[in-house]
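Novice: Pasting a structure here, questions to come.
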Amino acid sequence: MKTLVQDFLGNSTARWPEKPYLICDHEVRTFRQIEGDSNRLACELQRSGVIRGDRVAVFMENSAELVVSVFGILKAGAVFVVINPTTKSKKLAYILSDCGVRTLIAQSRLARVVEPALAEAPCVRTVLWTGCASSDAPPGRAFDEVLKQPHEPPADPGLIDQDLCTIIYTSGSTGNPKGVMLTHRNMTNTAWAISTYIGNVPDDVVVCVLPLSFGYGLYQVITGAQVGFTVLLEHSFAYPYKVLQDMAQHRVTGLPGVPTIFATLLQMAPFEGLDLSSLRYMTSAAASLPPAHIRRLQELFPQAKIFSMYGLTECTRACYLDPARLADKIASVGKAIPNEEVYIVDDQGRRVGPGVVGELVIRGANVMRGYWGKREETAKRLREGDIPGEKVLYSGDYFRMDEEGFLYFIGRKDDIFKCKGEKVCPKEIEHVLYELDAVAEAAVIGVDDPIDGSAIKAFVVLRDEAVLTEQDIRHHCRANLENYMLPKFVEFRDSLPKTESGKIKKTALVQ
Amino acid sequence: MERQQQIRAYILENFLLGQDGGFGDEESLLGAGIVDSTGVLEIVGFLEKTFSIELQDEDMVPENLDSIRNLASFVDRKLATQRMTQ
């Protein structure tokens, strides 16, 4: 049976045309409105020459326009690439060029970042700007004008479920981000698996504070279309009190978060004057939620189930812990999601039994197609499975399994760590630090932090006679890195500890 | 007005790297990708230190903090309330 991601929206529109799909900035958009607007956008993209398989990027904060863009791009037959709105010009240009983006849909407020990037990414032929009238749009076309066109269905691009649906950029250990390719089949399968184990129903109202550039955020909108529930789409979690007010007002039933969000919430408890009794579940992913926080959340929201989960962009989600087992398996991230198998292997790729630490391997319809344009890196992660020709995903994470098959996260094979739930690649930050002439040596590590999980700490050794202040370093980082990658701590040292081969010994910096 | 300029100078120095670039006093700091949740906390720290005010959870909403103008009027209101309660 063929199901494409945009069919989710079409089916829900047919069933509940006037039901709210999105609530954003107190504005309600029904399924029918998003269906109609995405059709208009798809027609515009097709008129401008976008064809099946082309990449169309979306660069904006969480908004109804972003969701319209995602579905409009798919209906035109193209592949959507959602880029984090705090990305700076240089990296934006890298992403646009890496996957050969043909059309960019961007928020006009981000024009100061977009314009320098376009100069370095000649593959982009058309730009559509949201949030402005055509008269004051930067060179390009105004998105709002497109939505004023008379409604017509786009031409059928003839997609099948093996076609690419999205490319999600994620930090790579080499420093350059990698584009994870997911097909329609990947996404429809995963949306079904997630909404099945969570037990989502059409009456759910799920708040999404996670950026849609992040698979975990994106899937809230996709499962919303699949199940037919309402998504309360927040721009971010930067104003937690506002989010709580909105949650109370809209009787939110589901809160997907990362440990940093839950840590912030716990600091704000008890939520006086805010009725959050409608909340029936919370999900946590991206990093492990400390057991003490899980217990506090259970006390604060006794009516809500808590799902501890683990995943990676390359397969979206790998496992979840059944909330019924939270009491006796509090430190576990559970077992495989529906229609998936996970197992642990040793260094030779042989399966190991309970209690033995090894790399987690994921097998299922949720496993990515590979990294865009990166054959070698793809081959490292996607390897031959037991069935000839089948590719399984080597997660790069160490796990162990207990006698009952419950999984426990142990650590990563490389030095990537999670800060506020986002993957941080030390090399990417170090590369930026080395761009400063005064920097002789730089090393970035994650240090334990009660809110961030791991906070980013940069160690810097200056060249002889060089003068550089902490403020200079912060300025330079802010100009070149996404906000979540900015070091929280900067420490100057006269020298850095080295291994015998002369490499910086990061383990000696951790203390 | 003086207060607004002081706040503007802080935002330009710390978030826009000293480059004015025509950033408007009404523009959303979050929407323009200038701050994120950590940035908001930095701004809160700046306000508390510079103006000797204390922010409660319920003060942390975009109506108070998400543009240079909102920040300035919020500080005005906050200082006025503090004077009244003293």
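Numbering starts fresh at 1 for the residues of each chain in the structure tokens, the chains themselves are lettered A, B, ... in the order given, and ligands are numbered from 1 as they appear.
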Per DSSP on the backbone, what are the helix (DSSP H, G or I) residues of range 291-397 of chain A, as a list in words?
Specialist: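 DSSP on the backbone gives helix (DSSP H, G or I) at Pro291, Ala292, His293, Ile294, Arg295, Arg296, Leu297, Gln298, Glu299, Leu300, Pro323, Ala324, Arg325, Arg375, Glu376, Glu377, Thr378, Ala379, Lys380 and Arg381 of chain A.
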Novice: Export N, CA and C atoms of the chosen residues as a compact mmCIF listing (two decimals), in the first residue's frame?
Specialist:
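Generated file (result33.txt):
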# COMPACT_ATOMS: atom_id res chain seq x y z
N PRO A 291 16.96 10.22 36.67
CA PRO A 291 15.89 9.59 37.45
C PRO A 291 15.25 10.53 38.47
N ALA A 292 16.06 11.41 39.10
CA ALA A 292 15.49 12.33 40.09
C ALA A 292 14.46 13.26 39.44
N HIS A 293 14.73 13.66 38.20
CA HIS A 293 13.79 14.53 37.50
C HIS A 293 12.53 13.76 37.13
N ILE A 294 12.71 12.50 36.73
CA ILE A 294 11.54 11.68 36.39
C ILE A 294 10.62 11.60 37.61
N ARG A 295 11.20 11.34 38.78
CA ARG A 295 10.37 11.20 40.00
C ARG A 295 9.66 12.50 40.33
N ARG A 296 10.36 13.63 40.20
CA ARG A 296 9.74 14.94 40.47
C ARG A 296 8.58 15.20 39.50
N LEU A 297 8.80 14.86 38.23
CA LEU A 297 7.75 15.07 37.23
C LEU A 297 6.52 14.22 37.56
N GLN A 298 6.78 12.99 38.03
CA GLN A 298 5.66 12.10 38.39
C GLN A 298 4.85 12.69 39.54
N GLU A 299 5.55 13.32 40.50
CA GLU A 299 4.84 13.93 41.63
C GLU A 299 4.01 15.13 41.17
N LEU A 300 4.60 15.92 40.28
CA LEU A 300 3.92 17.14 39.82
C LEU A 300 2.75 16.84 38.90
N PRO A 323 5.78 3.28 29.91
CA PRO A 323 5.62 4.00 31.18
C PRO A 323 5.25 3.08 32.35
N ALA A 324 4.63 1.93 32.05
CA ALA A 324 4.26 1.00 33.12
C ALA A 324 5.51 0.41 33.79
N ARG A 325 6.66 0.46 33.09
CA ARG A 325 7.88 -0.11 33.66
C ARG A 325 8.81 0.96 34.23
N ARG A 375 29.15 8.99 0.47
CA ARG A 375 29.17 7.53 0.36
C ARG A 375 29.97 6.87 1.47
N GLU A 376 31.17 7.43 1.73
CA GLU A 376 32.03 6.80 2.73
C GLU A 376 31.42 6.83 4.12
N GLU A 377 30.92 8.00 4.47
CA GLU A 377 30.34 8.11 5.81
C GLU A 377 29.08 7.27 5.92
N THR A 378 28.35 7.16 4.81
CA THR A 378 27.15 6.31 4.81
C THR A 378 27.56 4.86 5.05
N ALA A 379 28.63 4.44 4.37
CA ALA A 379 29.06 3.04 4.48
C ALA A 379 29.50 2.69 5.90
N LYS A 380 29.99 3.69 6.64
CA LYS A 380 30.39 3.43 8.02
C LYS A 380 29.18 3.16 8.91
N ARG A 381 28.09 3.84 8.62
CA ARG A 381 26.92 3.72 9.50
C ARG A 381 25.91 2.68 9.01
Novice: Kindly assemble as a Markdown table a list of the chain B residues that lie within 8 Å of chain A, each paired with its nearest atom pair and their distance in Å to one decimal, using only C-alpha atoms, sorted first by chain and then by ascending residue number.
Specialist:
| residue | atom | partner | partner_atom | distance |
| --- | --- | --- | --- | --- |
| B:Asn14 | CA | A:His475 | CA | 7.2 |
| B:Phe15 | CA | A:Arg478 | CA | 7.3 |
| B:Leu17 | CA | A:His475 | CA | 5.8 |
| B:Gly31 | CA | A:Glu61 | CA | 6.6 |
| B:Ala32 | CA | A:Arg109 | CA | 5.4 |
| B:Gly33 | CA | A:Thr86 | CA | 4.9 |
| B:Ile34 | CA | A:Thr86 | CA | 7.4 |
| B:Val35 | CA | A:Asn483 | CA | 7.3 |
| B:Asp36 | CA | A:Ala238 | CA | 5.9 |
| B:Ser37 | CA | A:Ala238 | CA | 3.9 |
| B:Thr38 | CA | A:Ala238 | CA | 7.5 |
| B:Val40 | CA | A:Ala238 | CA | 6.5 |
| B:Asp57 | CA | A:Tyr241 | CA | 6.2 |
| B:Glu58 | CA | A:Tyr241 | CA | 5.8 |
| B:Met60 | CA | A:Tyr239 | CA | 5.8 |
| B:Val61 | CA | A:Tyr239 | CA | 5.4 |
| B:Pro62 | CA | A:Tyr239 | CA | 6.7 |
Novice: Those same residues, written as a PDB file, in the first residue's frame with N, CA and C atoms?
Specialist:
ATOM      1  N   ASN B  14      26.403  42.690  22.487  1.00  0.00           N
ATOM      2  CA  ASN B  14      26.490  41.289  22.863  1.00  0.00           C
ATOM      3  C   ASN B  14      25.883  40.317  21.864  1.00  0.00           C
ATOM      4  N   PHE B  15      24.899  40.742  21.124  1.00  0.00           N
ATOM      5  CA  PHE B  15      24.235  39.796  20.230  1.00  0.00           C
ATOM      6  C   PHE B  15      24.436  40.124  18.758  1.00  0.00           C
ATOM      7  N   LEU B  17      27.134  41.809  17.757  1.00  0.00           N
ATOM      8  CA  LEU B  17      28.570  41.967  17.592  1.00  0.00           C
ATOM      9  C   LEU B  17      28.955  43.382  17.212  1.00  0.00           C
ATOM     10  N   GLY B  31      12.639  36.106  16.842  1.00  0.00           N
ATOM     11  CA  GLY B  31      12.243  35.891  15.453  1.00  0.00           C
ATOM     12  C   GLY B  31      13.385  36.155  14.482  1.00  0.00           C
ATOM     13  N   ALA B  32      14.252  37.091  14.847  1.00  0.00           N
ATOM     14  CA  ALA B  32      15.360  37.408  13.950  1.00  0.00           C
ATOM     15  C   ALA B  32      16.547  36.484  14.193  1.00  0.00           C
ATOM     16  N   GLY B  33      16.339  35.478  15.058  1.00  0.00           N
ATOM     17  CA  GLY B  33      17.410  34.506  15.293  1.00  0.00           C
ATOM     18  C   GLY B  33      18.558  35.087  16.110  1.00  0.00           C
ATOM     19  N   ILE B  34      18.314  36.215  16.776  1.00  0.00           N
ATOM     20  CA  ILE B  34      19.394  36.873  17.508  1.00  0.00           C
ATOM     21  C   ILE B  34      19.600  36.239  18.880  1.00  0.00           C
ATOM     22  N   VAL B  35      18.517  35.875  19.530  1.00  0.00           N
ATOM     23  CA  VAL B  35      18.657  35.200  20.827  1.00  0.00           C
ATOM     24  C   VAL B  35      17.930  33.860  20.795  1.00  0.00           C
ATOM     25  N   ASP B  36      18.315  32.993  21.700  1.00  0.00           N
ATOM     26  CA  ASP B  36      17.568  31.766  21.948  1.00  0.00           C
ATOM     27  C   ASP B  36      17.342  31.728  23.455  1.00  0.00           C
ATOM     28  N   SER B  37      16.993  30.558  23.991  1.00  0.00           N
ATOM     29  CA  SER B  37      16.656  30.520  25.410  1.00  0.00           C
ATOM     30  C   SER B  37      17.824  30.981  26.294  1.00  0.00           C
ATOM     31  N   THR B  38      19.051  30.639  25.896  1.00  0.00           N
ATOM     32  CA  THR B  38      20.198  31.079  26.687  1.00  0.00           C
ATOM     33  C   THR B  38      20.348  32.591  26.590  1.00  0.00           C
ATOM     34  N   VAL B  40      17.997  34.715  26.158  1.00  0.00           N
ATOM     35  CA  VAL B  40      16.973  35.342  26.992  1.00  0.00           C
ATOM     36  C   VAL B  40      17.471  35.419  28.438  1.00  0.00           C
ATOM     37  N   ASP B  57       9.107  34.448  37.362  1.00  0.00           N
ATOM     38  CA  ASP B  57       8.798  33.568  36.226  1.00  0.00           C
ATOM     39  C   ASP B  57       7.795  34.213  35.278  1.00  0.00           C
ATOM     40  N   GLU B  58       6.754  34.803  35.877  1.00  0.00           N
ATOM     41  CA  GLU B  58       5.677  35.333  35.027  1.00  0.00           C
ATOM     42  C   GLU B  58       6.095  36.596  34.268  1.00  0.00           C
ATOM     43  N   MET B  60       8.754  36.588  32.507  1.00  0.00           N
ATOM     44  CA  MET B  60       9.548  36.091  31.371  1.00  0.00           C
ATOM     45  C   MET B  60       8.668  35.740  30.185  1.00  0.00           C
ATOM     46  N   VAL B  61       8.045  36.733  29.609  1.00  0.00           N
ATOM     47  CA  VAL B  61       7.189  36.518  28.434  1.00  0.00           C
ATOM     48  C   VAL B  61       7.647  37.472  27.326  1.00  0.00           C
ATOM     49  N   PRO B  62       7.366  37.114  26.080  1.00  0.00           N
ATOM     50  CA  PRO B  62       7.849  37.958  24.971  1.00  0.00           C
ATOM     51  C   PRO B  62       7.327  39.388  25.035  1.00  0.00           C
TER      52      PRO B  62
END
Novice: Would you give me, as a ChimeraX atom specification, the residues in range 186-368 of chain A that DSSP reads as strand (DSSP E)?
Specialist: /A:205-208,230-233,254-257,281-284,305-310,319-320,335-336,340-345,358-364
Novice: Any idea what's packed within 8 Å of Gly100 in chain A, counting only C-alpha atoms, ignoring anything in its chain fewer than 6 positions away? Could you give it as a list in words?
Specialist: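 The neighbour list is Arg55, Cys123 and Val124 of chain A.
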Novice: When you look at range 305-314 of chain A with a cut-off of 9 Å (counting only C-alpha atoms), what residues show up, excluding the ones that are within fewer than 6 positions of it in the same chain? I need them as a count of residues only.
Specialist: 44
Novice: What is the CA of Val356 in chain A to CA of Glu341 in chain A distance in Å?
Specialist: 17.9 Å
Novice: List the neighbours of Phe51 in chain B out to 9 Å using only C-alpha atoms; skip same-chain residues closer than 3 positions along the sequence, and give me the result as a PyMOL selection string.
Specialist: chain B and resi 46-48+54+75+79
Novice: Have a look at A:Phe71, A:Tyr434, A:Phe59, A:Phe143 and name the one nearest to Arg463 in chain A; count only C-alpha atoms.
Specialist: A:Tyr434
Novice: Given the choices A:Ala191, A:Leu468, A:Ala336, A:Ile387, which gets closest to Leu218 in chain A if the distance is worked out from only C-alpha atoms?
Specialist: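 Ranking A:Ala191, A:Leu468, A:Ala336, A:Ile387 by distance to Leu218 in chain A, first place goes to A:Ala191.
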